[in-house]
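Undergrad: My file is my_file.pdb. It has PDB, C-alpha atoms:
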ATOM      1  CA  MET A1201      -4.970 -16.401  22.809
ATOM      2  CA  THR A1202      -2.846 -15.866  19.747
ATOM      3  CA  THR A1203      -4.241 -14.030  16.764
ATOM      4  CA  CYS A1204      -1.682 -14.527  14.016
ATOM      5  CA  THR A1205       0.677 -17.061  12.473
ATOM      6  CA  GLY A1206       3.713 -15.422  14.020
ATOM      7  CA  LEU A1207       4.709 -13.303  11.042
ATOM      8  CA  SER A1208       5.645  -9.692  11.627
ATOM      9  CA  PRO A1209       3.132  -7.085  10.384
ATOM     10  CA  GLU A1210       5.631  -6.142   7.671
ATOM     11  CA  LEU A1211       5.386  -9.670   6.212
ATOM     12  CA  ALA A1212       1.764 -10.509   7.018
ATOM     13  CA  ARG A1213      -0.281 -11.518   3.979
ATOM     14  CA  SER A1214      -3.831 -12.177   5.238
ATOM     15  CA  TRP A1215      -5.517  -9.712   7.609
ATOM     16  CA  TRP A1216      -8.831 -11.038   8.929
ATOM     17  CA  LEU A1217     -11.073  -8.125   9.877
ATOM     18  CA  LEU A1218     -13.888  -9.048  12.268
ATOM     19  CA  SER A1219     -16.300  -6.951  14.239
ATOM     20  CA  ALA A1220     -15.768  -6.774  17.982
ATOM     21  CA  THR A1221     -19.463  -7.628  18.307
ATOM     22  CA  SER A1222     -19.240 -10.702  16.057
ATOM     23  CA  ASP A1223     -19.713 -14.226  17.340
ATOM     24  CA  ASN A1224     -16.561 -15.103  15.348
ATOM     25  CA  THR A1225     -14.259 -13.622  18.017
ATOM     26  CA  GLY A1226     -14.335 -17.040  19.649
ATOM     27  CA  ARG A1227     -12.768 -18.526  16.475
ATOM     28  CA  MET A1228      -9.620 -16.426  16.603
ATOM     29  CA  VAL A1229      -7.500 -19.185  18.106
ATOM     30  CA  GLY A1230      -6.103 -21.342  15.345
ATOM     31  CA  THR A1231      -7.112 -19.096  12.471
ATOM     32  CA  ARG A1232      -4.970 -19.410   9.350
ATOM     33  CA  ALA A1233      -4.864 -15.628   9.018
ATOM     34  CA  ASP A1234      -1.484 -14.027   9.568
ATOM     35  CA  VAL A1235      -3.203 -11.246  11.537
ATOM     36  CA  ALA A1236      -6.650 -11.034  13.119
ATOM     37  CA  VAL A1237      -7.964  -7.488  13.492
ATOM     38  CA  ILE A1238     -10.773  -6.620  15.896
ATOM     39  CA  ASP A1239     -12.881  -3.924  14.254
ATOM     40  CA  LEU A1240     -14.278  -1.015  16.260
ATOM     41  CA  GLU A1241     -15.132   1.021  13.154
ATOM     42  CA  ASP A1242     -17.499   0.181  10.286
ATOM     43  CA  GLY A1243     -18.194  -3.306  11.639
ATOM     44  CA  VAL A1244     -19.844  -1.818  14.747
ATOM     45  CA  ALA A1245     -23.074   0.196  14.854
ATOM     46  CA  PRO A1246     -22.796   3.567  16.662
ATOM     47  CA  GLN A1247     -24.995   2.449  19.535
ATOM     48  CA  ARG A1248     -22.741  -0.558  20.155
ATOM     49  CA  LYS A1249     -19.374   1.225  20.149
ATOM     50  CA  ALA A1250     -19.021   1.218  23.945
ATOM     51  CA  PHE A1251     -19.879  -2.465  24.160
ATOM     52  CA  ALA A1252     -17.410  -3.236  21.340
ATOM     53  CA  ARG A1253     -14.594  -1.517  23.267
ATOM     54  CA  THR A1254     -15.366  -3.669  26.298
ATOM     55  CA  VAL A1255     -15.189  -6.781  24.105
ATOM     56  CA  ALA A1256     -11.917  -5.649  22.534
ATOM     57  CA  ARG A1257     -10.409  -4.975  25.933
ATOM     58  CA  GLY A1258     -11.438  -8.441  27.104
ATOM     59  CA  ILE A1259      -9.804 -10.031  24.058
ATOM     60  CA  LEU A1260      -6.577  -8.103  24.680
ATOM     61  CA  GLU A1261      -6.545  -9.226  28.297
ATOM     62  CA  GLN A1262      -6.428 -12.826  27.016
ATOM     63  CA  GLY A1263      -3.748 -12.409  24.364
ATOM     64  CA  PRO A1264      -2.290 -10.248  21.575
ATOM     65  CA  ALA A1265      -4.522  -8.740  18.929
ATOM     66  CA  TRP A1266      -4.681  -5.917  16.421
ATOM     67  CA  ILE A1267      -7.491  -3.364  16.683
ATOM     68  CA  ARG A1268      -8.981  -1.128  13.988
ATOM     69  CA  ILE A1269     -10.062   2.162  15.531
ATOM     70  CA  ASN A1270     -12.403   4.841  14.255
ATOM     71  CA  ASP A1271     -11.044   7.780  12.279
ATOM     72  CA  VAL A1272      -9.865  10.943  14.003
ATOM     73  CA  ARG A1273     -12.750  13.023  12.626
ATOM     74  CA  SER A1274     -15.243  10.760  14.391
ATOM     75  CA  PRO A1275     -16.422  11.192  18.000
ATOM     76  CA  TYR A1276     -15.241   7.674  18.809
ATOM     77  CA  TRP A1277     -11.496   7.400  18.274
ATOM     78  CA  ARG A1278     -10.321   8.899  21.569
ATOM     79  CA  ASP A1279     -12.533   6.498  23.511
ATOM     80  CA  ASP A1280     -11.133   3.677  21.364
ATOM     81  CA  VAL A1281      -7.493   4.412  22.225
ATOM     82  CA  GLU A1282      -8.294   5.077  25.872
ATOM     83  CA  ALA A1283      -9.965   1.669  26.087
ATOM     84  CA  ILE A1284      -7.060  -0.297  24.598
ATOM     85  CA  GLY A1285      -3.909   1.833  24.805
ATOM     86  CA  ASP A1286      -2.800   0.714  28.264
ATOM     87  CA  LEU A1287      -2.849  -3.015  27.508
ATOM     88  CA  SER A1288       0.483  -4.700  26.828
ATOM     89  CA  GLN A1289      -1.138  -7.253  24.500
ATOM     90  CA  LEU A1290      -2.059  -4.584  21.958
ATOM     91  CA  ALA A1291      -0.164  -5.902  18.938
ATOM     92  CA  GLY A1292      -0.951  -3.015  16.617
ATOM     93  CA  VAL A1293      -3.567  -0.502  15.523
ATOM     94  CA  MET A1294      -5.166   0.060  12.140
ATOM     95  CA  ILE A1295      -6.424   3.641  11.779
ATOM     96  CA  ALA A1296      -9.511   4.096   9.643
ATOM     97  CA  LYS A1297      -9.831   6.870   7.052
ATOM     98  CA  VAL A1298      -6.430   8.511   7.431
ATOM     99  CA  ASP A1299      -6.299  11.676   5.323
ATOM    100  CA  SER A1300      -2.928  13.075   6.417
ATOM    101  CA  ALA A1301       0.154  12.461   8.516
ATOM    102  CA  THR A1302      -1.447  14.744  11.114
ATOM    103  CA  ASP A1303      -4.163  12.125  11.587
ATOM    104  CA  VAL A1304      -1.486   9.525  12.261
ATOM    105  CA  GLU A1305       0.285  11.839  14.687
ATOM    106  CA  LEU A1306      -2.868  12.311  16.765
ATOM    107  CA  VAL A1307      -3.231   8.564  17.231
ATOM    108  CA  SER A1308       0.505   8.047  17.656
ATOM    109  CA  ALA A1309       0.640  10.527  20.526
ATOM    110  CA  ALA A1310      -2.139   8.674  22.317
ATOM    111  CA  LEU A1311      -0.547   5.219  22.137
ATOM    112  CA  PRO A1312       2.684   3.640  23.435
ATOM    113  CA  VAL A1313       5.591   4.057  21.028
ATOM    114  CA  SER A1314       5.930   0.289  20.727
ATOM    115  CA  VAL A1315       2.552  -0.085  18.973
ATOM    116  CA  PRO A1316       2.865  -0.269  15.154
ATOM    117  CA  LEU A1317       0.282   1.534  13.027
ATOM    118  CA  VAL A1318      -1.343   0.711   9.699
ATOM    119  CA  ALA A1319      -2.982   3.651   7.927
ATOM    120  CA  PHE A1320      -6.132   3.088   5.853
ATOM    121  CA  ILE A1321      -6.291   5.134   2.642
ATOM    122  CA  GLU A1322      -9.993   5.575   1.855
ATOM    123  CA  THR A1323     -10.507   8.954   0.160
ATOM    124  CA  ALA A1324      -9.163  10.959  -2.760
ATOM    125  CA  VAL A1325      -7.561  13.346  -0.266
ATOM    126  CA  ALA A1326      -5.783  10.437   1.395
ATOM    127  CA  LEU A1327      -4.620   9.055  -1.934
ATOM    128  CA  GLU A1328      -3.006  12.388  -2.779
ATOM    129  CA  ALA A1329      -1.304  12.391   0.660
ATOM    130  CA  ALA A1330      -0.231   8.729   0.570
ATOM    131  CA  ARG A1331       3.519   9.435   0.455
ATOM    132  CA  GLU A1332       3.310  11.876   3.375
ATOM    133  CA  ILE A1333       1.322   9.317   5.384
ATOM    134  CA  ALA A1334       3.716   6.493   4.509
ATOM    135  CA  ASP A1335       6.648   8.638   5.632
ATOM    136  CA  HIS A1336       5.339   8.926   9.202
ATOM    137  CA  SER A1337       7.748   7.084  11.487
ATOM    138  CA  ARG A1338       5.027   5.057  13.199
ATOM    139  CA  VAL A1339       3.373   3.744  10.029
ATOM    140  CA  CYS A1340       4.500   0.210   9.210
ATOM    141  CA  ARG A1341       2.160  -0.268   6.223
ATOM    142  CA  LEU A1342      -0.569   1.338   4.172
ATOM    143  CA  ALA A1343      -3.930  -0.347   3.574
ATOM    144  CA  LEU A1344      -6.490   0.365   0.881
ATOM    145  CA  GLY A1345     -10.051   0.963   2.044
ATOM    146  CA  SER A1346     -11.374   0.031  -1.376
ATOM    147  CA  GLY A1347     -15.093   0.244  -0.617
ATOM    148  CA  ASP A1348     -14.987   3.705   0.907
ATOM    149  CA  LEU A1349     -12.564   4.955  -1.734
ATOM    150  CA  ARG A1350     -14.845   3.722  -4.490
ATOM    151  CA  MET A1351     -17.766   5.524  -2.877
ATOM    152  CA  ASP A1352     -15.717   8.712  -2.488
ATOM    153  CA  LEU A1353     -14.707   8.614  -6.154
ATOM    154  CA  GLY A1354     -18.117   7.598  -7.443
ATOM    155  CA  ALA A1355     -16.546   4.566  -9.125
ATOM    156  CA  GLU A1356     -18.267   1.299  -9.973
ATOM    157  CA  PRO A1357     -17.094  -2.046  -8.550
ATOM    158  CA  GLY A1358     -14.130  -3.316 -10.541
ATOM    159  CA  SER A1359     -13.334   0.142 -11.883
ATOM    160  CA  ALA A1360      -9.819   0.576 -13.270
ATOM    161  CA  ILE A1361      -9.388   3.586 -11.007
ATOM    162  CA  LEU A1362      -8.995   1.217  -8.064
ATOM    163  CA  ASP A1363      -5.961  -0.325  -9.753
ATOM    164  CA  TYR A1364      -4.639   3.202 -10.156
ATOM    165  CA  ALA A1365      -5.142   3.677  -6.399
ATOM    166  CA  ARG A1366      -3.399   0.388  -5.653
ATOM    167  CA  SER A1367      -0.480   1.418  -7.834
ATOM    168  CA  ARG A1368      -0.230   4.784  -6.080
ATOM    169  CA  LEU A1369      -0.038   3.037  -2.707
ATOM    170  CA  VAL A1370       2.586   0.598  -3.979
ATOM    171  CA  VAL A1371       4.774   3.462  -5.202
ATOM    172  CA  ALA A1372       4.262   5.530  -2.035
ATOM    173  CA  SER A1373       5.080   2.530   0.150
ATOM    174  CA  ARG A1374       8.239   1.701  -1.781
ATOM    175  CA  ALA A1375       9.409   5.324  -1.771
ATOM    176  CA  ALA A1376       8.939   5.455   2.001
ATOM    177  CA  GLY A1377      10.771   2.168   2.548
ATOM    178  CA  LEU A1378       7.643   0.264   3.584
ATOM    179  CA  PRO A1379       6.524  -3.208   2.513
ATOM    180  CA  GLY A1380       3.879  -3.526  -0.183
ATOM    181  CA  PRO A1381       0.460  -2.265   0.925
ATOM    182  CA  ILE A1382      -2.544  -4.263   2.101
ATOM    183  CA  ASP A1383      -5.412  -4.514  -0.376
ATOM    184  CA  GLY A1384      -9.088  -4.269   0.514
ATOM    185  CA  PRO A1385     -11.184  -7.432   0.773
ATOM    186  CA  SER A1386     -13.140  -9.312  -1.839
ATOM    187  CA  ILE A1387     -16.901  -9.078  -1.420
ATOM    188  CA  GLY A1388     -18.730 -12.386  -1.140
ATOM    189  CA  ASN A1389     -17.595 -15.948  -0.567
ATOM    190  CA  ASP A1390     -16.531 -17.039  -4.056
ATOM    191  CA  ASP A1391     -13.036 -18.568  -3.800
ATOM    192  CA  GLY A1392     -12.441 -17.991  -7.510
ATOM    193  CA  ILE A1393     -13.049 -14.264  -7.142
ATOM    194  CA  VAL A1394     -10.796 -14.095  -4.068
ATOM    195  CA  GLN A1395      -8.029 -15.888  -5.946
ATOM    196  CA  ARG A1396      -8.292 -13.717  -9.070
ATOM    197  CA  GLU A1397      -8.459 -10.454  -7.160
ATOM    198  CA  THR A1398      -5.573 -11.433  -4.896
ATOM    199  CA  ALA A1399      -3.439 -12.453  -7.866
ATOM    200  CA  SER A1400      -4.239  -9.126  -9.548
ATOM    201  CA  ALA A1401      -3.258  -7.219  -6.395
ATOM    202  CA  ARG A1402      -0.016  -9.179  -6.219
ATOM    203  CA  SER A1403       0.778  -8.354  -9.849
ATOM    204  CA  LEU A1404       0.593  -4.665  -8.940
ATOM    205  CA  GLY A1405       2.989  -5.054  -6.012
ATOM    206  CA  MET A1406       0.604  -5.391  -3.079
ATOM    207  CA  THR A1407       1.720  -7.936  -0.511
ATOM    208  CA  GLY A1408      -1.251  -8.236   1.850
ATOM    209  CA  ARG A1409      -5.051  -8.443   1.715
ATOM    210  CA  LEU A1410      -7.908  -7.979   4.104
ATOM    211  CA  CYS A1411     -10.488 -10.726   4.326
ATOM    212  CA  LEU A1412     -13.902 -10.765   5.928
ATOM    213  CA  ASP A1413     -14.118 -14.572   6.078
ATOM    214  CA  PRO A1414     -11.320 -16.478   7.859
ATOM    215  CA  ALA A1415     -11.804 -19.315   5.391
ATOM    216  CA  HIS A1416     -10.178 -17.109   2.744
ATOM    217  CA  ALA A1417      -6.990 -16.542   4.752
ATOM    218  CA  ALA A1418      -5.224 -19.693   3.587
ATOM    219  CA  LEU A1419      -6.043 -18.917  -0.058
ATOM    220  CA  ILE A1420      -4.728 -15.362   0.282
ATOM    221  CA  ASN A1421      -1.566 -16.640   1.957
ATOM    222  CA  THR A1422      -0.984 -19.091  -0.890
ATOM    223  CA  VAL A1423      -1.485 -16.530  -3.660
ATOM    224  CA  LEU A1424       0.749 -13.975  -1.928
ATOM    225  CA  SER A1425       3.558 -16.474  -1.340
ATOM    226  CA  PRO A1426       6.185 -17.835  -3.728
ATOM    227  CA  THR A1427       5.011 -20.944  -5.575
ATOM    228  CA  VAL A1428       6.981 -24.161  -5.994
ATOM    229  CA  ASP A1429       7.802 -23.018  -9.538
ATOM    230  CA  ASP A1430       8.865 -19.571  -8.269
ATOM    231  CA  ILE A1431      11.251 -21.175  -5.786
ATOM    232  CA  ALA A1432      12.681 -23.567  -8.390
ATOM    233  CA  ALA A1433      13.223 -20.730 -10.874
ATOM    234  CA  ALA A1434      14.881 -18.592  -8.192
ATOM    235  CA  ARG A1435      17.271 -21.376  -7.251
ATOM    236  CA  ALA A1436      18.110 -21.925 -10.918
ATOM    237  CA  THR A1437      18.839 -18.220 -11.389
ATOM    238  CA  ILE A1438      21.131 -18.128  -8.351
ATOM    239  CA  ALA A1439      22.937 -21.254  -9.540
ATOM    240  CA  GLN A1440      23.364 -19.783 -13.023
ATOM    241  CA  LEU A1441      24.537 -16.307 -11.988
ATOM    242  CA  GLY A1442      26.282 -17.177  -8.742
ATOM    243  CA  SER A1443      25.041 -16.031  -5.353
ATOM    244  CA  ASP A1444      27.030 -12.796  -5.658
ATOM    245  CA  GLY A1445      26.399 -12.323  -9.398
ATOM    246  CA  ALA A1446      29.905 -13.368 -10.409
ATOM    247  CA  ASN A1447      28.551 -14.957 -13.618
ATOM    248  CA  ALA A1448      26.412 -12.004 -14.710
ATOM    249  CA  THR A1449      26.891 -10.998 -18.351
ATOM    250  CA  LYS A1450      23.803  -8.893 -19.158
ATOM    251  CA  GLY A1451      22.288  -5.761 -17.682
ATOM    252  CA  SER A1452      19.177  -7.683 -16.669
ATOM    253  CA  ASP A1453      21.106 -10.347 -14.727
ATOM    254  CA  ILE A1454      21.616  -8.484 -11.446
ATOM    255  CA  PRO A1455      17.947  -7.419 -11.146
ATOM    256  CA  ARG A1456      16.967 -11.038 -11.853
ATOM    257  CA  LEU A1457      19.375 -12.202  -9.171
ATOM    258  CA  ARG A1458      18.002  -9.758  -6.617
ATOM    259  CA  ARG A1459      14.485 -10.968  -7.357
ATOM    260  CA  ALA A1460      15.620 -14.571  -6.960
ATOM    261  CA  HIS A1461      17.199 -13.852  -3.585
ATOM    262  CA  ARG A1462      14.030 -12.048  -2.526
ATOM    263  CA  THR A1463      11.934 -15.067  -3.520
ATOM    264  CA  ILE A1464      14.115 -17.459  -1.531
ATOM    265  CA  ASP A1465      14.096 -15.142   1.471
ATOM    266  CA  LEU A1466      10.300 -14.906   1.448
ATOM    267  CA  ALA A1467       9.916 -18.651   0.982
ATOM    268  CA  SER A1468      12.125 -19.174   4.021
ATOM    269  CA  ARG A1469      10.222 -16.645   6.130
ATOM    270  CA  PHE A1470       6.921 -18.257   5.140
ATOM    271  CA  ASP A1471       8.305 -21.726   6.054
ATOM    272  CA  LEU A1472       7.970 -22.968   2.483
ATOM    273  CA  ILE A1473      11.546 -24.282   2.269
TER     274      ILE A1473
END
Could you render the structure from this file as structure tokens?

TA:
Amino acid sequence: MTTCTGLSPELARSWWLLSATSDNTGRMVGTRADVAVIDLEDGVAPQRKAFARTVARGILEQGPAWIRINDVRSPYWRDDVEAIGDLSQLAGVMIAKVDSATDVELVSAALPVSVPLVAFIETAVALEAAREIADHSRVCRLALGSGDLRMDLGAEPGSAILDYARSRLVVASRAAGLPGPIDGPSIGNDDGIVQRETASARSLGMTGRLCLDPAHAALINTVLSPTVDDIAAARATIAQLGSDGANATKGSDIPRLRRAHRTIDLASRFDLI
């Protein structure tokens, strides 16, 4: 079983989050999502946690997968890592409700050093500690737990404060040398909403999104990838300025050139050119 398109977690755009107890686990093969994440946290009722771990272990025995574990203040997380930590097919772990680098360190110490970690930022405390969390050597990306953060802040859906949170994570990720963070999912099945919200997240510097429906993965991948026009404009900029910037004449030319090279590099990595 393979659970992603082959992209590294640093480049992955769509992250399909599905409960370990969902019937959809049988649809993981062939999904268009860059990463499929088996959820042991909010997607699983407390009385089904043990069963969910058994399911997750069975999936990992068939092939690579990412797992989202419960937060370190819960009574479940140690059982989560004990259930999955010894399996070589564990592709990575998403840690729910990370409030500090100490939370990451607890999980890190319980897992093989080869397992990458994504830290969910879901509270005001976590948002204030985002740079410290991003700086942890095992964290490969930050993710926004938008629903829980909104509840913690008492904010309404669509509140501007969530864009503030996204911006904070973008800055913290960049300062720590990480890729752009992973945004929370859209609620509902409206493709137009998914497209608009993903485009908005991209405009802020986020480079990944969670989805709850695998049908949205292809749309997220498209919005978070360079377009045909982006690629054409990048090639024109490189041709105009020279690959090494030899023809640059204005202060804005070199930043434009760097952006163009970045666009071409991403297009190549995403098999668009």

Undergrad: I need every residue sitting at most 7 Å from the point (-13.9, -7.1, 3.5) (coordinates as in the file, only C-alpha atoms considered), written as a PDB file with C-alpha atoms, keeping the file's coordinate frame.

TA:
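This went into result_35.pdb:
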ATOM      1  CA  GLY A1384      -9.088  -4.269   0.514  1.00  0.00           C
ATOM      2  CA  PRO A1385     -11.184  -7.432   0.773  1.00  0.00           C
ATOM      3  CA  SER A1386     -13.140  -9.312  -1.839  1.00  0.00           C
ATOM      4  CA  ILE A1387     -16.901  -9.078  -1.420  1.00  0.00           C
ATOM      5  CA  LEU A1410      -7.908  -7.979   4.104  1.00  0.00           C
ATOM      6  CA  CYS A1411     -10.488 -10.726   4.326  1.00  0.00           C
ATOM      7  CA  LEU A1412     -13.902 -10.765   5.928  1.00  0.00           C
TER       8      LEU A1412
END

Undergrad: How far is it from CA of Arg1374 (chain A) to CA of Leu1290 (chain A), in Å with one decimal?

TA: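 CA of Arg1374 (chain A) sits 26.6 Å away from CA of Leu1290 (chain A).
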
Undergrad: Mind checking which residues fall within 6 Å of region 1330-1341 of chain A, counting only C-alpha atoms, ignoring those fewer than 6 positions away in the same chain, and posting them as a PyMOL selection string?

TA: chain A and resi 1300-1301+1317-1318+1372+1376+1381

Undergrad: Give me, as a PyMOL selection string, all polymer residues having an atom no more than 9 Å from region 1291-1299 of chain A, counting all atoms listed in the file and skipping those fewer than 3 positions away in the same chain.

TA: chain A and resi 1209+1237+1239+1241-1242+1260+1264-1273+1288+1302-1304+1307+1314-1330+1333+1343+1345+1348

Undergrad: Please produce a file of the residues just selected, as a JSON list (two decimals), in the coordinates of the input, where the atoms kept are C-alpha atoms.

TA:
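Output file result03.json is given in full below:
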[["chain", "number", "residue", "atom", "x", "y", "z"],
["A", 1209, "PRO", "CA", 3.13, -7.08, 10.38],
["A", 1237, "VAL", "CA", -7.96, -7.49, 13.49],
["A", 1239, "ASP", "CA", -12.88, -3.92, 14.25],
["A", 1241, "GLU", "CA", -15.13, 1.02, 13.15],
["A", 1242, "ASP", "CA", -17.50, 0.18, 10.29],
["A", 1260, "LEU", "CA", -6.58, -8.10, 24.68],
["A", 1264, "PRO", "CA", -2.29, -10.25, 21.58],
["A", 1265, "ALA", "CA", -4.52, -8.74, 18.93],
["A", 1266, "TRP", "CA", -4.68, -5.92, 16.42],
["A", 1267, "ILE", "CA", -7.49, -3.36, 16.68],
["A", 1268, "ARG", "CA", -8.98, -1.13, 13.99],
["A", 1269, "ILE", "CA", -10.06, 2.16, 15.53],
["A", 1270, "ASN", "CA", -12.40, 4.84, 14.26],
["A", 1271, "ASP", "CA", -11.04, 7.78, 12.28],
["A", 1272, "VAL", "CA", -9.86, 10.94, 14.00],
["A", 1273, "ARG", "CA", -12.75, 13.02, 12.63],
["A", 1288, "SER", "CA", 0.48, -4.70, 26.83],
["A", 1302, "THR", "CA", -1.45, 14.74, 11.11],
["A", 1303, "ASP", "CA", -4.16, 12.12, 11.59],
["A", 1304, "VAL", "CA", -1.49, 9.52, 12.26],
["A", 1307, "VAL", "CA", -3.23, 8.56, 17.23],
["A", 1314, "SER", "CA", 5.93, 0.29, 20.73],
["A", 1315, "VAL", "CA", 2.55, -0.08, 18.97],
["A", 1316, "PRO", "CA", 2.86, -0.27, 15.15],
["A", 1317, "LEU", "CA", 0.28, 1.53, 13.03],
["A", 1318, "VAL", "CA", -1.34, 0.71, 9.70],
["A", 1319, "ALA", "CA", -2.98, 3.65, 7.93],
["A", 1320, "PHE", "CA", -6.13, 3.09, 5.85],
["A", 1321, "ILE", "CA", -6.29, 5.13, 2.64],
["A", 1322, "GLU", "CA", -9.99, 5.58, 1.86],
["A", 1323, "THR", "CA", -10.51, 8.95, 0.16],
["A", 1324, "ALA", "CA", -9.16, 10.96, -2.76],
["A", 1325, "VAL", "CA", -7.56, 13.35, -0.27],
["A", 1326, "ALA", "CA", -5.78, 10.44, 1.40],
["A", 1327, "LEU", "CA", -4.62, 9.06, -1.93],
["A", 1328, "GLU", "CA", -3.01, 12.39, -2.78],
["A", 1329, "ALA", "CA", -1.30, 12.39, 0.66],
["A", 1330, "ALA", "CA", -0.23, 8.73, 0.57],
["A", 1333, "ILE", "CA", 1.32, 9.32, 5.38],
["A", 1343, "ALA", "CA", -3.93, -0.35, 3.57],
["A", 1345, "GLY", "CA", -10.05, 0.96, 2.04],
["A", 1348, "ASP", "CA", -14.99, 3.70, 0.91]]

Undergrad: When you look at Asp1234 (chain A) with a cut-off of 10 Å (counting all atoms listed in the file), what residues show up, excluding the ones that are within fewer than 4 positions of it in the same chain? I need them as a list in words.

TA: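 Non-adjacent residues within range: Thr1203, Cys1204, Thr1205, Gly1206, Leu1207, Ser1208, Pro1209, Leu1211, Ala1212, Arg1213, Ser1214, Trp1215, Trp1216, Gly1408, Ala1417, Ala1418, Ile1420 and Asn1421 of chain A.
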
Undergrad: Between CA of Leu1369 (chain A) and CA of Arg1232 (chain A), what is the spacing in Å?

TA: 26.0 Å

Undergrad: Of the candidates A:Ala1434, A:Ala1220, A:Val1281, A:Ile1393, which one gets nearest to Ala1309 (chain A) if we count all atoms listed in the file?

TA: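 Of the candidates, the smallest distance to Ala1309 (chain A) is held by A:Val1281.
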
Undergrad: Considering all atoms listed in the file, return as a list in words whatever protein or nucleic-acid residues lie within 8 Å of region 1396-1406 of chain A, sequence-local ones (same chain, fewer than 3 positions apart) excluded.

TA: Asp1363, Arg1366, Ser1367, Val1370, Gly1380, Pro1381, Ile1382, Asp1383, Ser1386, Gly1392, Ile1393, Arg1409, Ile1420, Val1423 and Leu1424 of chain A

Undergrad: Which residues come within 12 Å of Gly1445 (chain A), counting only C-alpha atoms, excluding same-chain residues fewer than 4 positions away, as a list in words?

TA: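 Result of the neighbour search: Thr1437, Ile1438, Ala1439, Gln1440, Leu1441, Thr1449, Lys1450, Gly1451, Ser1452, Asp1453, Ile1454, Pro1455, Arg1456, Leu1457, Arg1458, Ala1460 and His1461 of chain A.
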
Undergrad: Between CA of His1416 (chain A) and CA of Arg1350 (chain A), what is the distance, to one decimal in Å?

TA: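 That distance, rounded to one decimal, is 22.5 Å.
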
Undergrad: Would you fill the gaps in region 1307-1321 of chain A so it has N, CA and C atoms, then print it as a PDB file, in the coordinates of the input?

TA:
ATOM      1  N   VAL A1307      -3.117   9.910  16.662  1.00  0.00           N
ATOM      2  CA  VAL A1307      -3.231   8.564  17.231  1.00  0.00           C
ATOM      3  C   VAL A1307      -1.907   8.136  17.853  1.00  0.00           C
ATOM      4  N   SER A1308      -0.818   8.413  17.165  1.00  0.00           N
ATOM      5  CA  SER A1308       0.505   8.047  17.656  1.00  0.00           C
ATOM      6  C   SER A1308       0.768   8.617  19.047  1.00  0.00           C
ATOM      7  N   ALA A1309       0.391   9.877  19.242  1.00  0.00           N
ATOM      8  CA  ALA A1309       0.640  10.527  20.526  1.00  0.00           C
ATOM      9  C   ALA A1309      -0.183   9.929  21.651  1.00  0.00           C
ATOM     10  N   ALA A1310      -1.254   9.229  21.300  1.00  0.00           N
ATOM     11  CA  ALA A1310      -2.139   8.674  22.317  1.00  0.00           C
ATOM     12  C   ALA A1310      -1.839   7.211  22.638  1.00  0.00           C
ATOM     13  N   LEU A1311      -0.861   6.636  21.950  1.00  0.00           N
ATOM     14  CA  LEU A1311      -0.547   5.219  22.137  1.00  0.00           C
ATOM     15  C   LEU A1311       0.926   5.041  22.492  1.00  0.00           C
ATOM     16  N   PRO A1312       1.275   3.925  23.156  1.00  0.00           N
ATOM     17  CA  PRO A1312       2.684   3.640  23.435  1.00  0.00           C
ATOM     18  C   PRO A1312       3.500   3.589  22.152  1.00  0.00           C
ATOM     19  N   VAL A1313       4.752   3.991  22.227  1.00  0.00           N
ATOM     20  CA  VAL A1313       5.591   4.057  21.028  1.00  0.00           C
ATOM     21  C   VAL A1313       5.880   2.689  20.436  1.00  0.00           C
ATOM     22  N   SER A1314       5.653   1.641  21.208  1.00  0.00           N
ATOM     23  CA  SER A1314       5.930   0.289  20.727  1.00  0.00           C
ATOM     24  C   SER A1314       4.827  -0.263  19.825  1.00  0.00           C
ATOM     25  N   VAL A1315       3.704   0.428  19.731  1.00  0.00           N
ATOM     26  CA  VAL A1315       2.552  -0.085  18.973  1.00  0.00           C
ATOM     27  C   VAL A1315       2.663   0.331  17.513  1.00  0.00           C
ATOM     28  N   PRO A1316       2.796  -0.622  16.575  1.00  0.00           N
ATOM     29  CA  PRO A1316       2.865  -0.269  15.154  1.00  0.00           C
ATOM     30  C   PRO A1316       1.502   0.167  14.634  1.00  0.00           C
ATOM     31  N   LEU A1317       1.513   0.994  13.590  1.00  0.00           N
ATOM     32  CA  LEU A1317       0.282   1.534  13.027  1.00  0.00           C
ATOM     33  C   LEU A1317       0.180   1.208  11.541  1.00  0.00           C
ATOM     34  N   VAL A1318      -1.017   0.860  11.114  1.00  0.00           N
ATOM     35  CA  VAL A1318      -1.343   0.711   9.699  1.00  0.00           C
ATOM     36  C   VAL A1318      -2.369   1.780   9.359  1.00  0.00           C
ATOM     37  N   ALA A1319      -2.113   2.546   8.314  1.00  0.00           N
ATOM     38  CA  ALA A1319      -2.982   3.651   7.927  1.00  0.00           C
ATOM     39  C   ALA A1319      -3.870   3.239   6.754  1.00  0.00           C
ATOM     40  N   PHE A1320      -5.175   3.362   6.928  1.00  0.00           N
ATOM     41  CA  PHE A1320      -6.132   3.088   5.853  1.00  0.00           C
ATOM     42  C   PHE A1320      -6.270   4.316   4.956  1.00  0.00           C
ATOM     43  N   ILE A1321      -6.102   4.104   3.653  1.00  0.00           N
ATOM     44  CA  ILE A1321      -6.291   5.134   2.642  1.00  0.00           C
ATOM     45  C   ILE A1321      -7.656   4.896   2.009  1.00  0.00           C
TER      46      ILE A1321
END
